[in-house]
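A short write-up of the structure that comes next.
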Amino acid sequence: MRTIKLITLSIFCLGLCISCNNEGIDSDLNSEVQEVVISVEEIQIADEGALISEEITGIIENIITNEEVATTQAVPFSAANANFLPDCVTISTVVSENSVERTIAFEGSCELPNGNILSGTIKMSHERDITLATRTINFSLENFVFNDVSVEGSSSIVRVRENENGNPQSTVTTNFDAIWPDDTSASFSGLRVRELIEGSGTPTLGDNVILITGNRSFTNRNNVTFQMEITQELRREFACRFIVSGILDITRGNRSASLDFGDGTCDNRGLLTNDEGETRVINLRRFR
């Protein structure tokens, strides 16, 4: 009997040792992931996710702007007078007593004036009364593809006609999942504030200039999450495909990096500084 008890105790202790060792291995792996310096590829993917979110939001905001312009000019709203959209986009509208629902369909491989290629559908809804000081726009994506990246999810925009600077401003809450052609996948969500400082009241997209503040989280396919915070407002000029200035801080676990988008020049370059003080110029956004 004593022998059996000793064997049982030995097996129990061995199990504890294995469990402790496995926990140590898991801890070491997690620590190793957190200790690796944030890579350029990770920055590029995160930046592409931000581009997708910003471009979709820009389309929605300009549809709202064109609706307001069309209403003040007493003409029916359609994709035709939303002249920043090409012929491959159709917009269908259902108006009820207090709300408006729109379906924006990008047919085939629909190329926008800025060169981005979209397909699929955006469904949006908002209050009917365009004179409201604040309106909420909700939208979701269906079978949506952005430059070969499959995107799904939803977003809401709280739009203020005039902020304290007298400019239109939108507070955007996003929650998207994306899959790239090479099976890279990511989820990105967050809250950003977009102030339109130039181009308000015109039906064209190319003259818009916005300043962006806020934060976003980005989770890659390895379930590693990055936190991104704008520490110097980002400037987006819609005549350019890229952010032209501003600073974004990125953290992952106990590692961090800072991305400076430049001095206002329209290019795809950024200055990346890691937490070891190493600085290098990187190319952003592998597509478009």
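Starting from 1 in every chain, residues are counted up; chains themselves are A, B, ... following the order of the structure tokens, and ligands are numbered from 1 as listed.
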
Based on the backbone DSSP call, show me all residues of segment 27-268 of chain A assigned strand (DSSP E or B), as a PyMOL selection string.
chain A and resi 89-95+99-111+117-127+134-146+149-160+169-179+185-198+209-220+225-237+243-252+255-263

Can you check which parts of segment 161-223 of chain A lie within 12 Å of segment 118-135 of chain A? Per residue, the shortest pair of atoms and distance in Å to one decimal, counting only C-alpha atoms, sorted by chain and number, as CSV.
```
residue,atom,partner,partner_atom,distance
A:Arg161,CA,A:Ala133,CA,5.5
A:Glu162,CA,A:Ala133,CA,7.5
A:Asn163,CA,A:Ala133,CA,9.7
A:Gly166,CA,A:Ala133,CA,11.9
A:Asn167,CA,A:Ala133,CA,12.0
A:Pro168,CA,A:Thr134,CA,10.0
A:Gln169,CA,A:Thr134,CA,9.6
A:Ser170,CA,A:Thr134,CA,9.4
A:Thr171,CA,A:Arg135,CA,10.7
```

Out of segment 59-278 of chain A, which residues get alpha helix (DSSP H) from DSSP, as a list in words?
Ile59, Ile60, Glu61, Asn62, Ile63, Ile64, Thr65, Asn66, Glu67, Glu68, Val69, Ala70, Thr71 and Thr72 of chain A

Just-selected residues, C-alpha atoms written as an mmCIF file, in the first residue's frame:
```cif
data_model
loop_
_atom_site.group_PDB
_atom_site.id
_atom_site.type_symbol
_atom_site.label_atom_id
_atom_site.label_comp_id
_atom_site.auth_asym_id
_atom_site.auth_seq_id
_atom_site.Cartn_x
_atom_site.Cartn_y
_atom_site.Cartn_z
ATOM 1 C CA ILE A 59 -16.882 58.162 -49.207
ATOM 2 C CA ILE A 60 -19.709 58.185 -46.656
ATOM 3 C CA GLU A 61 -18.989 61.751 -45.552
ATOM 4 C CA ASN A 62 -18.922 63.024 -49.120
ATOM 5 C CA ILE A 63 -22.216 61.335 -49.920
ATOM 6 C CA ILE A 64 -23.699 63.194 -46.951
ATOM 7 C CA THR A 65 -22.140 66.462 -48.157
ATOM 8 C CA ASN A 66 -23.463 65.949 -51.681
ATOM 9 C CA GLU A 67 -26.912 65.206 -50.285
ATOM 10 C CA GLU A 68 -26.858 68.517 -48.431
ATOM 11 C CA VAL A 69 -25.684 70.405 -51.527
ATOM 12 C CA ALA A 70 -28.310 68.701 -53.723
ATOM 13 C CA THR A 71 -31.053 69.499 -51.212
ATOM 14 C CA THR A 72 -30.155 73.182 -51.018
#
```

From the options A:Ile212, A:Ile137, A:Cys266, A:Ile117, which residue's atoms come nearest to Gly246 of chain A, counting only C-alpha atoms?
A:Ile212

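With atom CA of Asn147 of chain A on one side and atom CA of Gly108 of chain A on the other, the separation reads 12.2 Å.
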
Shortest contact to Glu195 of chain A, candidates A:Asp207, A:Glu142, A:Glu164, A:Asp87, atoms counted only C-alpha atoms, goes to A:Glu164

For Leu259 of chain A: contacts at 12 Å, only C-alpha atoms, fewer than 4 positions along chain excluded, given as a VMD selection string:
chain A and resid 38 to 40 43 to 44 46 to 47 228 to 232 234 243 to 251 269 to 275 278 to 284

Would you write out those residues with N, CA and C atoms, as a tab-separated table (two decimals), in the first residue's frame?
```
chain	number	residue	atom	x	y	z
A	38	ILE	N	9.06	46.13	-33.12
A	38	ILE	CA	7.95	46.26	-34.06
A	38	ILE	C	8.52	46.39	-35.47
A	39	SER	N	8.07	45.52	-36.38
A	39	SER	CA	8.67	45.44	-37.71
A	39	SER	C	8.03	46.41	-38.69
A	40	VAL	N	8.75	46.66	-39.79
A	40	VAL	CA	8.24	47.53	-40.85
A	40	VAL	C	6.99	46.92	-41.48
A	43	ILE	N	3.99	47.61	-39.43
A	43	ILE	CA	3.59	49.00	-39.60
A	43	ILE	C	2.84	49.19	-40.91
A	44	GLN	N	3.33	48.57	-41.98
A	44	GLN	CA	2.69	48.69	-43.29
A	44	GLN	C	1.27	48.15	-43.27
A	46	ALA	N	-0.70	47.70	-40.66
A	46	ALA	CA	-1.53	48.57	-39.81
A	46	ALA	C	-1.91	49.84	-40.55
A	47	ASP	N	-0.97	50.38	-41.32
A	47	ASP	CA	-1.23	51.61	-42.06
A	47	ASP	C	-2.23	51.36	-43.19
A	228	MET	N	-2.48	52.17	-31.22
A	228	MET	CA	-1.96	53.30	-32.00
A	228	MET	C	-2.65	54.58	-31.57
A	229	GLU	N	-1.86	55.56	-31.20
A	229	GLU	CA	-2.39	56.83	-30.73
A	229	GLU	C	-1.77	57.98	-31.52
A	230	ILE	N	-2.61	58.87	-32.00
A	230	ILE	CA	-2.13	60.04	-32.73
A	230	ILE	C	-1.67	61.08	-31.71
A	231	THR	N	-0.38	61.39	-31.72
A	231	THR	CA	0.16	62.37	-30.78
A	231	THR	C	0.36	63.73	-31.42
A	232	GLN	N	0.38	63.78	-32.73
A	232	GLN	CA	0.36	65.04	-33.47
A	232	GLN	C	-0.60	64.85	-34.63
A	234	LEU	N	-2.91	64.10	-37.64
A	234	LEU	CA	-2.57	63.68	-38.99
A	234	LEU	C	-3.30	64.56	-40.00
A	243	ILE	N	-1.22	60.11	-46.00
A	243	ILE	CA	-1.13	61.10	-44.93
A	243	ILE	C	0.14	61.92	-45.18
A	244	VAL	N	0.04	63.25	-45.11
A	244	VAL	CA	1.20	64.07	-45.48
A	244	VAL	C	1.97	64.59	-44.28
A	245	SER	N	1.37	64.57	-43.09
A	245	SER	CA	2.09	65.00	-41.89
A	245	SER	C	1.38	64.47	-40.66
A	246	GLY	N	2.06	64.58	-39.52
A	246	GLY	CA	1.51	64.09	-38.25
A	246	GLY	C	2.35	62.96	-37.69
A	247	ILE	N	2.10	62.62	-36.43
A	247	ILE	CA	2.88	61.59	-35.74
A	247	ILE	C	1.94	60.59	-35.08
A	248	LEU	N	2.25	59.31	-35.27
A	248	LEU	CA	1.49	58.21	-34.70
A	248	LEU	C	2.40	57.38	-33.81
A	249	ASP	N	1.99	57.18	-32.55
A	249	ASP	CA	2.73	56.32	-31.63
A	249	ASP	C	2.11	54.93	-31.62
A	250	ILE	N	2.95	53.91	-31.70
A	250	ILE	CA	2.49	52.52	-31.75
A	250	ILE	C	3.12	51.75	-30.60
A	251	THR	N	2.30	51.00	-29.87
A	251	THR	CA	2.81	50.17	-28.78
A	251	THR	C	2.31	48.75	-28.95
A	269	ARG	N	6.33	57.89	-47.83
A	269	ARG	CA	7.44	57.67	-46.90
A	269	ARG	C	7.09	58.15	-45.50
A	270	GLY	N	7.65	57.45	-44.52
A	270	GLY	CA	7.50	57.86	-43.14
A	270	GLY	C	8.81	57.61	-42.40
A	271	LEU	N	8.99	58.31	-41.30
A	271	LEU	CA	10.20	58.17	-40.49
A	271	LEU	C	9.84	57.36	-39.25
A	272	LEU	N	10.36	56.14	-39.18
A	272	LEU	CA	10.04	55.22	-38.09
A	272	LEU	C	11.17	55.23	-37.06
A	273	THR	N	10.82	55.48	-35.80
A	273	THR	CA	11.78	55.47	-34.71
A	273	THR	C	11.33	54.44	-33.68
A	274	ASN	N	12.19	53.45	-33.40
A	274	ASN	CA	11.80	52.45	-32.40
A	274	ASN	C	12.24	52.88	-31.01
A	275	ASP	N	11.90	52.06	-30.01
A	275	ASP	CA	12.17	52.46	-28.63
A	275	ASP	C	13.63	52.30	-28.24
A	278	GLU	N	16.53	53.88	-32.72
A	278	GLU	CA	16.94	53.66	-34.11
A	278	GLU	C	15.90	54.26	-35.04
A	279	THR	N	16.35	55.03	-36.01
A	279	THR	CA	15.45	55.73	-36.93
A	279	THR	C	15.76	55.32	-38.36
A	280	ARG	N	14.70	55.11	-39.14
A	280	ARG	CA	14.88	54.78	-40.55
A	280	ARG	C	13.69	55.28	-41.35
A	281	VAL	N	13.93	55.57	-42.62
A	281	VAL	CA	12.85	55.95	-43.54
A	281	VAL	C	12.24	54.68	-44.10
A	282	ILE	N	10.91	54.58	-44.06
A	282	ILE	CA	10.23	53.39	-44.59
A	282	ILE	C	9.20	53.79	-45.63
A	283	ASN	N	8.89	52.85	-46.52
A	283	ASN	CA	7.82	53.03	-47.49
A	283	ASN	C	6.53	52.48	-46.89
A	284	LEU	N	5.47	53.26	-46.96
A	284	LEU	CA	4.19	52.87	-46.40
A	284	LEU	C	3.26	52.38	-47.50
```

What gap, in Å, lies between atom CA of Phe238 of chain A and atom CA of Ser150 of chain A?
22.9 Å

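Atom CA of Asn138 of chain A lies 4.4 Å from atom CA of Ser156 of chain A.
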